[in-house]
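Okay, so here's the structure we're looking at.
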Amino acid sequence: MKLQSIVLAMGLSASLFAGAAPAAEVQVAVAANFTAPMKAIAQAFHARTGDTVAAAYGATGQFYAQIKNGAPFEVFLAADDSTPARLEREGATVPGSRFTYATGALALWSAKQGYVDNEGQILRQGGFAHLSIANPKAAPYGLAAVQTLEKLGLMDALRARIVEGQNISQAQQFIASGNAELGFVALSQVYKDGKLTGGSAWVVPESLHAPIRQDAVILAKGRGNPAARAFVDFLKSPEAGAIILSYGYKR
């Protein structure tokens, strides 16, 4: 009887193991501004599903070129809504999978405490040699920075002081390292749980630039990967939403 029980238990265990879905991986291209929340979301997704996110971070425009050239990304989290829409029109996505996962905010930031006033008047007062922004041709936050300067009538006056990063992460690094006294970054890079993580900042009013609606989409290469759909579904969940809001984005 004991032997029969052991055999039965072993058979049951084998049956349960065979029925369990193996852990999977999803390749995700992520706009650089979303680096911090993405890392937290990836951890939460893994804890929830057992699946793993392999994320690459960079400029939205550069990712577009890589995707068109056959990069193995299965999901794309862009810093705008126009690039995913373009890929959709070009047949490079899973139809109906595109949605806005976050709306971003732009901030004028300095690593120095008290350096940037809460109305951004330092831009008119001068006294700085370098103003960092992301490449406006590749990074939507860089474009928003240019739109802000143009709306304020300061583009011509400050053009010679602008230093461009390839993406918003490099633009922030220029400021954090002291190579630029201040610059435009994504609020999410310097904000967590309702407060700045360091330095001083002016949150740029939304009226000074086009809305930074950030869309996600499942790419054609992710069509056959259930983990890609599972990740996108998780990105829409209240759990992921709470993480996104904690970094200063809107949903």
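Every chain in the structure tokens takes a letter, A first, then B, and so on in the order presented; its residues are numbered from 1, and the ligands are numbered from 1 following the presented order.
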*asked:* I'd like the contact shell of Ala79 of chain A - 9 Å cut-off, only C-alpha atoms, skipping same-chain residues fewer than 2 positions apart - returned as a VMD selection string.
replied: chain A and resid 30 to 34 59 to 60 77 81 83 102 to 104 139 to 141 212 to 216
Expected file contents, prior selection, N, CA and C atoms, as a compact mmCIF listing (two decimals), in the first residue's frame:
```txt
# COMPACT_ATOMS: atom_id res chain seq x y z
N VAL A 30 12.21 50.30 -24.79
CA VAL A 30 11.61 51.25 -23.85
C VAL A 30 12.23 52.63 -24.02
N ALA A 31 11.40 53.65 -24.16
CA ALA A 31 11.89 55.02 -24.21
C ALA A 31 12.66 55.34 -22.94
N ALA A 32 13.78 56.04 -23.10
CA ALA A 32 14.70 56.25 -21.98
C ALA A 32 14.06 56.95 -20.79
N ASN A 33 13.08 57.82 -21.03
CA ASN A 33 12.45 58.53 -19.92
C ASN A 33 11.72 57.59 -18.97
N PHE A 34 11.38 56.39 -19.47
CA PHE A 34 10.58 55.45 -18.69
C PHE A 34 11.44 54.39 -18.01
N ALA A 59 16.39 56.19 -27.32
CA ALA A 59 15.55 57.22 -27.92
C ALA A 59 14.52 56.58 -28.84
N THR A 60 13.33 57.13 -28.84
CA THR A 60 12.23 56.58 -29.62
C THR A 60 12.56 56.54 -31.10
N LEU A 77 7.59 50.47 -26.07
CA LEU A 77 7.05 51.53 -25.22
C LEU A 77 7.72 52.82 -25.66
N ASP A 81 3.18 59.22 -29.26
CA ASP A 81 2.12 58.39 -29.84
C ASP A 81 2.25 58.27 -31.35
N THR A 83 5.07 57.65 -33.25
CA THR A 83 5.95 56.60 -33.77
C THR A 83 5.27 55.23 -33.76
N ALA A 102 1.02 56.07 -20.68
CA ALA A 102 1.38 57.17 -19.77
C ALA A 102 1.38 58.48 -20.54
N THR A 103 1.16 59.57 -19.82
CA THR A 103 1.35 60.91 -20.36
C THR A 103 2.41 61.59 -19.51
N GLY A 104 3.49 62.01 -20.16
CA GLY A 104 4.65 62.50 -19.44
C GLY A 104 4.62 63.99 -19.17
N ALA A 139 14.15 62.20 -29.83
CA ALA A 139 13.55 62.07 -28.49
C ALA A 139 12.40 63.06 -28.32
N PRO A 140 11.18 62.58 -28.09
CA PRO A 140 10.03 63.48 -27.93
C PRO A 140 10.20 64.50 -26.79
N TYR A 141 10.91 64.15 -25.73
CA TYR A 141 11.12 65.13 -24.67
C TYR A 141 12.07 66.24 -25.12
N ILE A 212 2.68 65.04 -24.22
CA ILE A 212 3.63 63.94 -24.37
C ILE A 212 2.90 62.64 -24.06
N ARG A 213 2.07 62.22 -25.01
CA ARG A 213 1.33 60.96 -24.86
C ARG A 213 2.24 59.82 -25.32
N GLN A 214 2.45 58.86 -24.43
CA GLN A 214 3.38 57.77 -24.69
C GLN A 214 2.59 56.49 -24.96
N ASP A 215 2.74 55.96 -26.17
CA ASP A 215 1.99 54.77 -26.56
C ASP A 215 2.86 53.52 -26.54
N ALA A 216 2.22 52.42 -26.22
CA ALA A 216 2.84 51.09 -26.29
C ALA A 216 2.14 50.28 -27.37
```
*Nearest-residue call for Gln189 of chain A, choices A:Ile122, A:Leu108, A:Ala36, A:Ala171, using only C-alpha atoms*: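 Closest residue, counting only C-alpha atoms: A:Ala36.
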**OP:** Please return as a PyMOL selection string: the residues of segment 36-125 of chain A that backbone DSSP assigns to alpha helix (DSSP H).
**Re:** chain A and resi 36-49+60-68+82-89+122-125
Set the distance at 10 Å and use only C-alpha atoms: which residues neighbour segment 228-241 of chain A once local chain neighbours fewer than 6 positions away are removed? I'd like the list as a ChimeraX atom specification. /A:24-28,37-38,40-42,44-46,48-49,51-53,73-77,97-102,216-219,221-222,249-251
Of A:Ser207, A:Ser246, A:Asn69, A:Ser110, the one nearest to Gln172 of chain A when counting only C-alpha atoms is A:Ser110
Min atom-atom distance to Asp156 of chain A from the set A:Asp193, A:Ala138, A:Arg124, A:Ala47, counting only C-alpha atoms, belongs to A:Arg124
Across A:Ala220, A:Val203, A:Ala71, A:Val116, the smallest distance to Pro84 of chain A, with only C-alpha atoms counted, is shown by A:Ala220
